[in-house]
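Participant: One file: structure-v2.txt (compact mmCIF, C-alpha atoms and all ligand atoms).
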```txt
# COMPACT_ATOMS: atom_id res chain seq x y z
CA SER A 1 -177.53 173.09 6.26
CA ARG A 2 -175.90 169.80 5.43
CA ALA A 3 -176.84 170.06 1.79
CA ALA A 4 -175.44 173.57 1.51
CA ALA A 5 -172.18 172.47 3.14
CA ALA A 6 -171.91 169.59 0.71
CA ASP A 7 -172.41 171.97 -2.21
CA ALA A 8 -169.96 174.59 -0.91
CA PRO A 9 -166.76 174.74 -2.92
CA ILE A 10 -163.82 173.00 -1.23
CA THR A 11 -161.16 175.59 -0.44
CA PRO A 12 -157.44 174.95 -0.92
CA GLY A 13 -155.51 173.87 2.18
CA ALA A 14 -154.53 176.84 4.35
CA LEU A 15 -153.84 177.91 7.92
CA ALA A 16 -155.93 180.45 9.82
CA ASP A 17 -153.52 183.24 8.78
CA GLY A 18 -153.87 182.37 5.10
CA THR A 19 -150.56 180.47 4.80
CA ALA A 20 -151.13 177.99 1.97
CA VAL A 21 -150.59 174.31 2.78
CA PRO A 22 -151.44 172.38 -0.39
CA LEU A 23 -153.38 169.22 0.40
CA LEU A 24 -152.50 166.40 -1.96
CA ALA A 25 -153.51 162.79 -2.49
CA ASN A 26 -151.63 159.53 -2.05
CA LEU A 27 -152.64 157.30 -4.96
CA GLY A 28 -151.72 153.89 -6.30
CA LYS A 29 -153.95 153.69 -9.38
CA PRO A 30 -154.70 156.35 -12.02
CA GLY A 31 -158.36 155.34 -11.83
CA ALA A 32 -158.55 156.74 -8.28
CA ALA A 33 -157.73 160.27 -9.48
CA ALA A 34 -161.29 161.47 -10.13
CA GLU A 35 -162.48 160.55 -6.65
CA ALA A 36 -159.47 162.33 -5.13
CA VAL A 37 -160.25 165.49 -7.08
CA GLY A 38 -163.85 165.27 -5.86
CA LEU A 39 -162.58 165.13 -2.28
CA GLY A 40 -160.55 168.28 -2.84
CA ALA A 41 -157.07 166.97 -3.65
CA GLU A 42 -155.06 169.86 -5.10
CA GLY A 43 -152.74 167.42 -6.82
CA VAL A 44 -150.89 164.22 -6.01
CA GLY A 45 -148.19 164.12 -3.34
CA LEU A 46 -147.36 160.43 -3.73
CA PHE A 47 -148.16 158.16 -6.63
CA ARG A 48 -146.92 154.70 -5.66
CA THR A 49 -145.97 153.23 -9.05
CA GLU A 50 -145.14 149.81 -7.63
CA PHE A 51 -148.87 149.25 -6.92
CA LEU A 52 -149.39 149.00 -10.69
CA PHE A 53 -147.02 146.07 -10.96
CA LEU A 54 -147.31 144.08 -7.71
CA SER A 55 -148.67 141.05 -9.55
CA SER A 56 -146.37 141.29 -12.60
CA SER A 57 -143.64 138.71 -12.92
CA GLN A 58 -141.86 140.75 -15.59
CA ALA A 59 -140.79 144.37 -15.69
CA PRO A 60 -143.50 146.58 -17.22
CA THR A 61 -142.87 147.91 -20.70
CA VAL A 62 -142.33 151.59 -21.46
CA ALA A 63 -145.58 151.62 -23.44
CA GLU A 64 -147.73 150.22 -20.61
CA GLN A 65 -146.13 152.56 -18.11
CA LYS A 66 -146.59 155.56 -20.40
CA ALA A 67 -150.29 154.74 -20.69
CA ALA A 68 -150.73 154.58 -16.90
CA TYR A 69 -148.74 157.76 -16.18
CA THR A 70 -150.50 159.65 -18.97
CA GLU A 71 -153.89 158.69 -17.52
CA LEU A 72 -152.76 159.92 -14.10
CA LEU A 73 -151.25 163.22 -15.29
CA ALA A 74 -154.22 163.96 -17.55
CA ALA A 75 -156.47 163.97 -14.46
CA PHE A 76 -154.51 166.90 -12.98
CA PRO A 77 -154.04 169.56 -15.69
CA GLY A 78 -151.83 172.36 -14.38
CA LYS A 79 -151.53 170.63 -11.00
CA LYS A 80 -148.56 169.16 -9.16
CA VAL A 81 -148.24 165.39 -9.42
CA VAL A 82 -145.41 163.72 -7.51
CA VAL A 83 -144.61 160.28 -8.91
CA ARG A 84 -142.36 157.94 -6.99
CA VAL A 85 -140.20 155.55 -9.00
CA LEU A 86 -140.62 151.89 -8.09
CA ASP A 87 -140.27 151.20 -4.37
CA ALA A 88 -139.63 147.46 -4.49
CA GLY A 89 -138.78 145.32 -1.51
CA ALA A 90 -139.82 144.57 2.07
CA ASP A 91 -143.59 145.20 2.31
CA LYS A 92 -143.87 145.64 -1.51
CA PRO A 93 -141.76 142.97 -3.22
CA LEU A 94 -141.67 142.96 -7.03
CA PRO A 95 -140.49 139.67 -8.50
CA PHE A 96 -138.69 141.39 -11.37
CA LEU A 97 -136.65 143.57 -8.99
CA ASN A 98 -136.31 141.54 -5.77
CA ASP A 99 -135.09 138.02 -6.33
CA ALA A 100 -132.58 137.41 -3.55
CA HIS A 101 -133.66 135.88 -0.26
CA GLU A 102 -133.02 138.39 2.49
CA GLU A 103 -133.25 137.80 6.24
CA ASN A 104 -134.19 141.45 6.82
CA PRO A 105 -135.76 142.78 3.61
CA ALA A 106 -136.57 146.17 5.14
CA LEU A 107 -132.81 146.60 5.53
CA GLY A 108 -131.99 144.99 2.20
CA LEU A 109 -131.78 145.79 -1.47
CA ARG A 110 -134.96 147.83 -1.67
CA GLY A 111 -136.15 151.16 -3.08
CA ILE A 112 -133.43 153.09 -4.88
CA ARG A 113 -130.91 150.37 -4.04
CA ALA A 114 -132.88 147.75 -5.98
CA LEU A 115 -133.47 150.12 -8.90
CA ARG A 116 -129.81 150.93 -9.09
CA ALA A 117 -128.97 147.24 -9.25
CA SER A 118 -131.36 147.00 -12.26
CA GLU A 119 -130.73 150.40 -13.77
CA ASP A 120 -132.37 149.50 -17.09
CA ILE A 121 -135.70 149.29 -15.30
CA LEU A 122 -135.19 152.71 -13.72
CA ARG A 123 -134.18 154.18 -17.09
CA GLU A 124 -137.29 152.73 -18.73
CA GLN A 125 -139.47 154.19 -16.01
CA LEU A 126 -137.93 157.63 -16.43
CA THR A 127 -138.42 157.34 -20.20
CA ALA A 128 -142.11 156.54 -19.72
CA LEU A 129 -142.54 159.39 -17.23
CA ALA A 130 -140.86 161.90 -19.55
CA GLU A 131 -143.07 160.79 -22.45
CA ALA A 132 -146.24 161.03 -20.35
CA ASP A 133 -145.12 164.46 -19.15
CA ALA A 134 -144.64 165.65 -22.72
CA ALA A 135 -148.15 164.44 -23.61
CA THR A 136 -149.94 166.22 -20.73
CA SER A 137 -149.99 169.54 -18.87
CA ALA A 138 -149.62 168.48 -15.22
CA ASP A 139 -146.61 169.72 -13.24
CA LEU A 140 -144.69 166.44 -12.90
CA TRP A 141 -142.30 165.97 -9.99
CA VAL A 142 -140.40 162.68 -9.71
CA MET A 143 -138.87 161.28 -6.55
CA ALA A 144 -136.92 158.24 -5.41
CA PRO A 145 -137.73 156.07 -2.37
CA MET A 146 -135.37 154.98 0.42
CA ILE A 147 -132.68 157.53 -0.27
CA GLY A 148 -130.11 157.17 2.51
CA THR A 149 -127.07 159.08 1.29
CA VAL A 150 -126.09 162.29 -0.48
CA GLU A 151 -124.45 160.16 -3.15
CA GLU A 152 -127.74 158.37 -3.89
CA THR A 153 -129.41 161.78 -4.10
CA ARG A 154 -126.87 162.97 -6.66
CA TYR A 155 -127.18 159.72 -8.61
CA PHE A 156 -130.96 159.89 -8.85
CA THR A 157 -131.34 163.59 -9.58
CA ALA A 158 -128.63 163.49 -12.27
CA LEU A 159 -130.27 160.48 -13.92
CA ALA A 160 -133.74 162.05 -13.81
CA ARG A 161 -132.39 165.24 -15.40
CA GLU A 162 -130.86 163.15 -18.22
CA TYR A 163 -134.43 162.32 -19.15
CA GLY A 164 -135.61 165.93 -18.99
CA ILE A 165 -137.43 165.56 -15.65
CA LYS A 166 -137.58 169.18 -14.47
CA THR A 167 -138.24 168.59 -10.76
CA ALA A 168 -136.36 165.69 -9.17
CA GLY A 169 -136.45 164.97 -5.45
CA VAL A 170 -136.04 162.39 -2.76
CA MET A 171 -138.10 160.68 -0.13
CA VAL A 172 -136.72 161.14 3.35
CA GLU A 173 -137.60 157.92 5.15
CA VAL A 174 -134.19 156.78 6.35
CA PRO A 175 -132.84 158.65 9.39
CA SER A 176 -129.45 159.21 7.72
CA SER A 177 -131.00 161.40 5.04
CA ALA A 178 -133.05 163.34 7.61
CA LEU A 179 -129.91 164.03 9.62
CA LEU A 180 -128.10 165.12 6.43
CA ALA A 181 -131.12 166.94 4.97
CA ASP A 182 -129.18 170.17 4.44
CA ARG A 183 -126.66 168.27 2.30
CA VAL A 184 -129.32 166.20 0.54
CA LEU A 185 -131.32 169.32 -0.33
CA ALA A 186 -128.24 170.90 -1.89
CA HIS A 187 -128.84 168.43 -4.75
CA ALA A 188 -132.54 167.57 -4.70
CA ASP A 189 -135.26 169.99 -5.81
CA PHE A 190 -137.52 168.86 -2.99
CA ALA A 191 -137.92 166.35 -0.18
CA SER A 192 -140.97 164.34 0.77
CA ILE A 193 -140.93 162.71 4.18
CA GLY A 194 -142.31 159.18 4.34
CA THR A 195 -143.29 158.97 7.98
CA ASN A 196 -144.16 155.26 7.80
CA ASP A 197 -140.64 154.13 7.01
CA LEU A 198 -138.99 157.02 8.85
CA THR A 199 -140.74 155.80 12.01
CA GLN A 200 -139.88 152.16 11.31
CA TYR A 201 -136.19 152.94 10.88
CA THR A 202 -135.94 155.48 13.70
CA MET A 203 -137.53 153.07 16.17
CA ALA A 204 -135.88 149.93 14.71
CA ALA A 205 -139.28 148.22 14.68
CA ASP A 206 -140.62 146.35 11.65
CA ARG A 207 -143.76 148.19 10.49
CA LEU A 208 -145.38 144.86 9.49
CA LEU A 209 -144.80 143.07 12.79
CA GLY A 210 -147.73 143.14 15.20
CA SER A 211 -145.59 142.38 18.25
CA VAL A 212 -143.76 145.72 17.86
CA ALA A 213 -146.66 147.76 16.46
CA ALA A 214 -146.63 150.10 19.47
CA PHE A 215 -143.28 151.48 18.25
CA GLN A 216 -144.79 152.48 14.91
CA ASP A 217 -146.03 155.85 16.16
CA PRO A 218 -145.07 158.97 14.19
CA TRP A 219 -145.88 161.12 17.23
CA HIS A 220 -142.64 159.88 18.77
CA PRO A 221 -140.56 162.97 19.57
CA ALA A 222 -137.52 161.22 18.04
CA VAL A 223 -139.38 161.14 14.71
CA LEU A 224 -140.58 164.73 15.16
CA ARG A 225 -136.99 165.89 15.73
CA LEU A 226 -135.95 164.32 12.43
CA VAL A 227 -138.87 166.03 10.67
CA ARG A 228 -137.69 169.31 12.22
CA GLU A 229 -134.22 168.76 10.69
CA VAL A 230 -135.71 168.33 7.24
CA GLY A 231 -138.11 171.26 7.64
CA ALA A 232 -135.29 173.56 8.73
CA ALA A 233 -133.09 172.44 5.85
CA GLY A 234 -135.90 173.05 3.37
CA GLN A 235 -136.49 176.52 4.75
CA ALA A 236 -132.77 177.36 4.69
CA ARG A 237 -132.44 176.23 1.08
CA GLY A 238 -135.83 177.48 -0.10
CA LYS A 239 -136.89 173.97 -1.14
CA PRO A 240 -140.29 172.35 -0.58
CA VAL A 241 -140.65 169.67 2.08
CA GLY A 242 -143.78 167.56 1.79
CA ILE A 243 -145.12 164.82 4.03
CA CYS A 244 -146.54 161.72 2.37
CA GLY A 245 -146.62 159.13 5.17
CA GLU A 246 -149.78 158.26 7.09
CA ALA A 247 -148.92 160.86 9.76
CA ALA A 248 -150.23 163.63 7.49
CA ALA A 249 -153.74 162.16 7.80
CA ASP A 250 -153.89 162.76 11.57
CA PRO A 251 -155.33 166.30 11.80
CA LEU A 252 -153.45 167.45 14.94
CA LEU A 253 -150.22 165.81 13.81
CA ALA A 254 -150.65 167.56 10.46
CA VAL A 255 -150.61 170.90 12.33
CA VAL A 256 -147.44 169.79 14.17
CA LEU A 257 -145.78 168.77 10.89
CA VAL A 258 -146.54 172.17 9.35
CA GLY A 259 -145.12 173.79 12.51
CA LEU A 260 -141.94 171.76 11.94
CA GLY A 261 -141.58 173.14 8.41
CA ALA A 262 -143.65 170.91 6.12
CA THR A 263 -144.90 172.94 3.14
CA SER A 264 -147.48 170.45 1.81
CA LEU A 265 -149.31 167.37 3.07
CA SER A 266 -150.30 164.27 1.12
CA MET A 267 -152.68 161.61 2.38
CA ALA A 268 -155.41 159.13 1.56
CA PRO A 269 -158.11 161.30 -0.09
CA THR A 270 -160.73 160.39 2.54
CA ALA A 271 -158.59 162.16 5.18
CA LEU A 272 -158.44 165.50 3.32
CA ALA A 273 -161.59 167.08 4.77
CA ASP A 274 -160.69 166.67 8.44
CA VAL A 275 -157.12 167.86 7.93
CA ARG A 276 -158.35 170.86 5.93
CA ALA A 277 -160.76 171.86 8.71
CA THR A 278 -158.16 171.53 11.47
CA LEU A 279 -155.45 173.52 9.64
CA LEU A 280 -157.91 176.41 9.30
CA GLN A 281 -158.08 176.69 13.08
CA HIS A 282 -154.37 177.53 13.63
CA SER A 283 -151.96 180.19 12.39
CA LEU A 284 -148.36 179.35 11.43
CA ASP A 285 -147.17 180.82 14.74
CA ASP A 286 -149.69 178.62 16.57
CA ALA A 287 -148.52 175.57 14.61
CA ARG A 288 -144.92 176.30 15.59
CA ARG A 289 -145.85 176.60 19.27
CA ILE A 290 -147.88 173.39 19.12
CA ALA A 291 -144.92 171.63 17.46
CA ASP A 292 -142.53 172.94 20.12
CA ALA A 293 -144.80 171.54 22.82
CA ALA A 294 -144.79 168.11 21.16
CA LEU A 295 -141.02 168.16 20.66
CA ALA A 296 -140.35 168.82 24.35
CA THR A 297 -141.64 165.42 25.50
CA ASP A 298 -140.36 161.91 26.14
CA ASP A 299 -142.76 159.71 24.21
CA PRO A 300 -145.68 159.68 21.76
CA GLU A 301 -148.39 159.80 24.42
CA GLN A 302 -146.88 162.88 26.05
CA ALA A 303 -146.38 164.47 22.64
CA ARG A 304 -150.06 163.99 21.77
CA ARG A 305 -151.19 165.41 25.09
CA ALA A 306 -148.83 168.37 24.92
CA ALA A 307 -149.89 169.22 21.37
CA HIS A 308 -153.54 168.92 22.27
CA ALA A 309 -153.13 171.17 25.31
CA ALA A 310 -151.19 173.75 23.28
CA ALA A 311 -153.75 173.63 20.45
CA THR A 312 -156.62 174.14 22.89
CA ARG A 313 -154.83 177.11 24.48
CA GLU A 314 -154.23 178.73 21.07
CA LYS A 315 -157.94 178.73 20.28
C1 LIG B 401 -143.67 156.02 3.90
O1 LIG B 401 -142.79 155.19 4.10
O2 LIG B 401 -144.11 156.81 4.76
C2 LIG B 401 -144.27 156.14 2.56
C3 LIG B 401 -145.10 157.13 2.26
O3 LIG B 401 -144.00 155.16 1.66
P1 LIG B 401 -144.67 153.69 1.77
O4 LIG B 401 -145.71 153.73 2.83
O5 LIG B 401 -145.17 153.41 0.41
O6 LIG B 401 -143.45 152.88 2.14
MG MG B 402 -141.82 154.17 2.47
```
Now that the file is in, can you turn its structure into structure tokens?
Ligand code: PEP
Ligand code: MG
Facilitator:
Amino acid sequence: SRAAAADAPITPGALADGTAVPLLANLGKPGAAAEAVGLGAEGVGLFRTEFLFLSSSQAPTVAEQKAAYTELLAAFPGKKVVVRVLDAGADKPLPFLNDAHEENPALGLRGIRALRASEDILREQLTALAEADAATSADLWVMAPMIGTVEETRYFTALAREYGIKTAGVMVEVPSSALLADRVLAHADFASIGTNDLTQYTMAADRLLGSVAAFQDPWHPAVLRLVREVGAAGQARGKPVGICGEAAADPLLAVVLVGLGATSLSMAPTALADVRATLLQHSLDDARRIADAALATDDPEQARRAAHAAATREK
């Protein structure tokens, strides 16, 4: 019955063959943690710290950041929580980090580039994260946005380790770092693919611009090929590769992403139930075959159809 289903315990994310695929939440406020746990989030795959400070004109203090991160981590005892350092610029400008006028802010001083230009702010954030980590029992992972080079990877991971951050990784959302994923993952402990920006930059189409919205489709086989690069590099190096862009919330695409080598999926908590149910219908071998079908196409529409046909055949 409906009531019984609602009362049934939510099982951890897994494929039909038992392969674990942790299902995590994308969050922007610590106060949203309890609801995410109720919807079955096994941890946090993306905490967008910039959401805390979008209306601040000044950089947040260490004390106010520590309070927010402690509240977040305390909601996930023993669980993985991936916190992203400030991703300022383009669609998420922060006055205290982005002051220059830029013609093309998505291609400007954003993400790790902006933090590096104001390294004190990055150092204060890492200080606050390390203090919150020490005060709680969650498994804190910290990652940097908009990493485009191996050198930026080395810079960020070395800095994070200075502050005692045990697990330091990168977001892969710029095609250059997907293409160099094997080199990037030589230095980072993990990668998390941001499919929103990875699609924007692969297709050279502003994700905020309605006139080119049709290009913003993570089913594009060009995007899937980049995800495959990262998945293969993670497998070769034994390092986790998560997905934290909106693509993970599309149940069939989630299967494809796992087939391409993703080891965890993070999404808006309301999407968790449908993704969980769909993963349970396919084995890892099935997921790989479905992914291969999607890869061998010309465009997003064909990729969707091919994946759907392959998924229907598998069942
Ligand atoms: C992404 O780019 O896919 C991502 C998860 O980051 P954001 O949407 O915050 O840019
Ligand atoms: Mg992004």
Participant: Please list as an MDAnalysis selection string every residue within 10 Å of Leu73 in chain A, counting all atoms listed in the file and excluding residues in the same chain fewer than 6 positions away.
Facilitator: chainID A and resid 30 33 43:44 79:83 129 132:133 135:140
Participant: Counting all atoms listed in the file, what is within 6 Å of range 255-271 of chain A, bar same-chain residues fewer than 2 positions away, as a ChimeraX atom specification?
Facilitator: /A:21-26,36,45,228,231,240-244,248-249,252-253,273-274,287-288,291
Participant: Counting only C-alpha atoms and all ligand atoms, figure out which residue out of A:Ser118, A:Ser211, A:Ser56, A:Thr49 gets nearest to ligand LIG 401 (chain B).
Facilitator: A:Thr49
Participant: Can you write out as JSON lines which residues of chain A fall within 7 Å of ligand LIG 401 (chain B), alongside each residue's closest atom pair and its distance in Å to one decimal, counting all atoms listed in the file and ordering rows by chain and ascending residue number?
Facilitator:
```
{"residue": "A:Arg48", "atom": "CA", "partner": "B:LIG401", "partner_atom": "O5", "distance": 6.4}
{"residue": "A:Glu173", "atom": "CA", "partner": "B:LIG401", "partner_atom": "O1", "distance": 6.0}
{"residue": "A:Ile193", "atom": "CA", "partner": "B:LIG401", "partner_atom": "O2", "distance": 6.7}
{"residue": "A:Gly194", "atom": "CA", "partner": "B:LIG401", "partner_atom": "O2", "distance": 3.0}
{"residue": "A:Thr195", "atom": "CA", "partner": "B:LIG401", "partner_atom": "O2", "distance": 4.0}
{"residue": "A:Asn196", "atom": "CA", "partner": "B:LIG401", "partner_atom": "O2", "distance": 3.4}
{"residue": "A:Asp197", "atom": "CA", "partner": "B:LIG401", "partner_atom": "O1", "distance": 3.8}
{"residue": "A:Leu198", "atom": "CA", "partner": "B:LIG401", "partner_atom": "O1", "distance": 6.4}
{"residue": "A:Cys244", "atom": "CA", "partner": "B:LIG401", "partner_atom": "C3", "distance": 4.8}
{"residue": "A:Gly245", "atom": "CA", "partner": "B:LIG401", "partner_atom": "O2", "distance": 3.4}
{"residue": "A:Glu246", "atom": "CA", "partner": "B:LIG401", "partner_atom": "O2", "distance": 6.3}
```
Participant: Here is a test: counting only C-alpha atoms and all ligand atoms, which residue of A:Asn98, A:Thr199, A:Thr19, A:Asn104 is nearest to ligand MG 402 (chain B)?
Facilitator: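 Between A:Asn98, A:Thr199, A:Thr19, A:Asn104, the residue approaching ligand MG 402 (chain B) most closely is A:Thr199.
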Participant: Given only C-alpha atoms as the basis, pick out the residue of A:Arg305, A:Arg110, A:Arg276, A:Arg313 nearest to Arg289 in chain A.
Facilitator: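 When distances to Arg289 in chain A are compared using only C-alpha atoms, the smallest one comes from A:Arg313.
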Participant: Select all residues near (-152.0, 179.3, 5.9) (cut-off 9 Å, inclusive, file coordinates), counting only C-alpha atoms, and output them as an mmCIF file with C-alpha atoms, in the frame of the given file.
Facilitator:
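The result, written out as out25.cif:
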```cif
data_model
loop_
_atom_site.group_PDB
_atom_site.id
_atom_site.type_symbol
_atom_site.label_atom_id
_atom_site.label_comp_id
_atom_site.auth_asym_id
_atom_site.auth_seq_id
_atom_site.Cartn_x
_atom_site.Cartn_y
_atom_site.Cartn_z
ATOM 1 C CA GLY A 13 -155.510 173.870 2.180
ATOM 2 C CA ALA A 14 -154.530 176.840 4.350
ATOM 3 C CA LEU A 15 -153.840 177.910 7.920
ATOM 4 C CA ALA A 16 -155.930 180.450 9.820
ATOM 5 C CA ASP A 17 -153.520 183.240 8.780
ATOM 6 C CA GLY A 18 -153.870 182.370 5.100
ATOM 7 C CA THR A 19 -150.560 180.470 4.800
ATOM 8 C CA ALA A 20 -151.130 177.990 1.970
ATOM 9 C CA VAL A 21 -150.590 174.310 2.780
ATOM 10 C CA LEU A 279 -155.450 173.520 9.640
ATOM 11 C CA LEU A 280 -157.910 176.410 9.300
ATOM 12 C CA HIS A 282 -154.370 177.530 13.630
ATOM 13 C CA SER A 283 -151.960 180.190 12.390
ATOM 14 C CA LEU A 284 -148.360 179.350 11.430
#
```
Participant: In Å, rounded to a single decimal, give me how far CA of His220 in chain A is from CA of Leu107 in chain A.
Facilitator: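 These atoms are spaced 21.2 Å apart.
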Participant: For Arg237 in chain A, which residue out of A:Ala181, A:Ala90, A:Tyr69, A:Val62 is the nearest one, using only C-alpha atoms?
Facilitator: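 Looking only at the distances to Arg237 in chain A, the closest residue turns out to be A:Ala181.
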Participant: Which one of A:Phe76, A:Tyr163, A:Phe96, A:Tyr201 sits closest to ligand MG 402 (chain B) if you count only C-alpha atoms and all ligand atoms?
Facilitator: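 Counting only C-alpha atoms and all ligand atoms, the residue closest to ligand MG 402 (chain B) is A:Tyr201.
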Participant: May I have the residues within 8 Å of Arg84 in chain A as JSON, numbers by chain, using all atoms listed in the file and disregarding those fewer than 3 positions away in the same chain?
Facilitator: {"A": [46, 47, 48, 49, 87, 142, 143, 144, 145]}
Participant: Could the residues in this selection be written to a file with C-alpha atoms, as an mmCIF file, in the frame of the given file?
Facilitator:
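Saved file out-v9.cif follows:
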```
data_model
loop_
_atom_site.group_PDB
_atom_site.id
_atom_site.type_symbol
_atom_site.label_atom_id
_atom_site.label_comp_id
_atom_site.auth_asym_id
_atom_site.auth_seq_id
_atom_site.Cartn_x
_atom_site.Cartn_y
_atom_site.Cartn_z
ATOM 1 C CA LEU A 46 -147.360 160.430 -3.730
ATOM 2 C CA PHE A 47 -148.160 158.160 -6.630
ATOM 3 C CA ARG A 48 -146.920 154.700 -5.660
ATOM 4 C CA THR A 49 -145.970 153.230 -9.050
ATOM 5 C CA ASP A 87 -140.270 151.200 -4.370
ATOM 6 C CA VAL A 142 -140.400 162.680 -9.710
ATOM 7 C CA MET A 143 -138.870 161.280 -6.550
ATOM 8 C CA ALA A 144 -136.920 158.240 -5.410
ATOM 9 C CA PRO A 145 -137.730 156.070 -2.370
#
```
Participant: I'd like to know which of A:Ser192, A:Thr70, A:Gln235, A:Gln302 is closest to ligand MG 402 (chain B), using all atoms listed in the file.
Facilitator: A:Ser192
Participant: Go ahead and compute the interatomic distance for CA of Glu124 in chain A and CA of Val174 in chain A, in Å to one decimal.
Facilitator: 25.6 Å
Participant: One decimal, Å: what's the distance from CA of Ala309 in chain A over to CA of Ile290 in chain A, could you say?
Facilitator: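 CA of Ile290 in chain A lies at a distance of 8.4 Å from CA of Ala309 in chain A.
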Participant: Show which residues sit within 8 Å of Ile147 in chain A, as number ranges by chain. Count only C-alpha atoms, and ignore same-chain residues fewer than 6 positions away.
Facilitator: A: 111-112, 153, 170-174, 177
Participant: Go ahead and dump the residues you just picked, C-alpha atoms, as a PDB file, keeping the file's coordinate frame.
Facilitator:
```pdb
ATOM      1  CA  GLY A 111    -136.150 151.160  -3.080  1.00  0.00           C
ATOM      2  CA  ILE A 112    -133.430 153.090  -4.880  1.00  0.00           C
ATOM      3  CA  THR A 153    -129.410 161.780  -4.100  1.00  0.00           C
ATOM      4  CA  VAL A 170    -136.040 162.390  -2.760  1.00  0.00           C
ATOM      5  CA  MET A 171    -138.100 160.680  -0.130  1.00  0.00           C
ATOM      6  CA  VAL A 172    -136.720 161.140   3.350  1.00  0.00           C
ATOM      7  CA  GLU A 173    -137.600 157.920   5.150  1.00  0.00           C
ATOM      8  CA  VAL A 174    -134.190 156.780   6.350  1.00  0.00           C
ATOM      9  CA  SER A 177    -131.000 161.400   5.040  1.00  0.00           C
TER      10      SER A 177
END
```
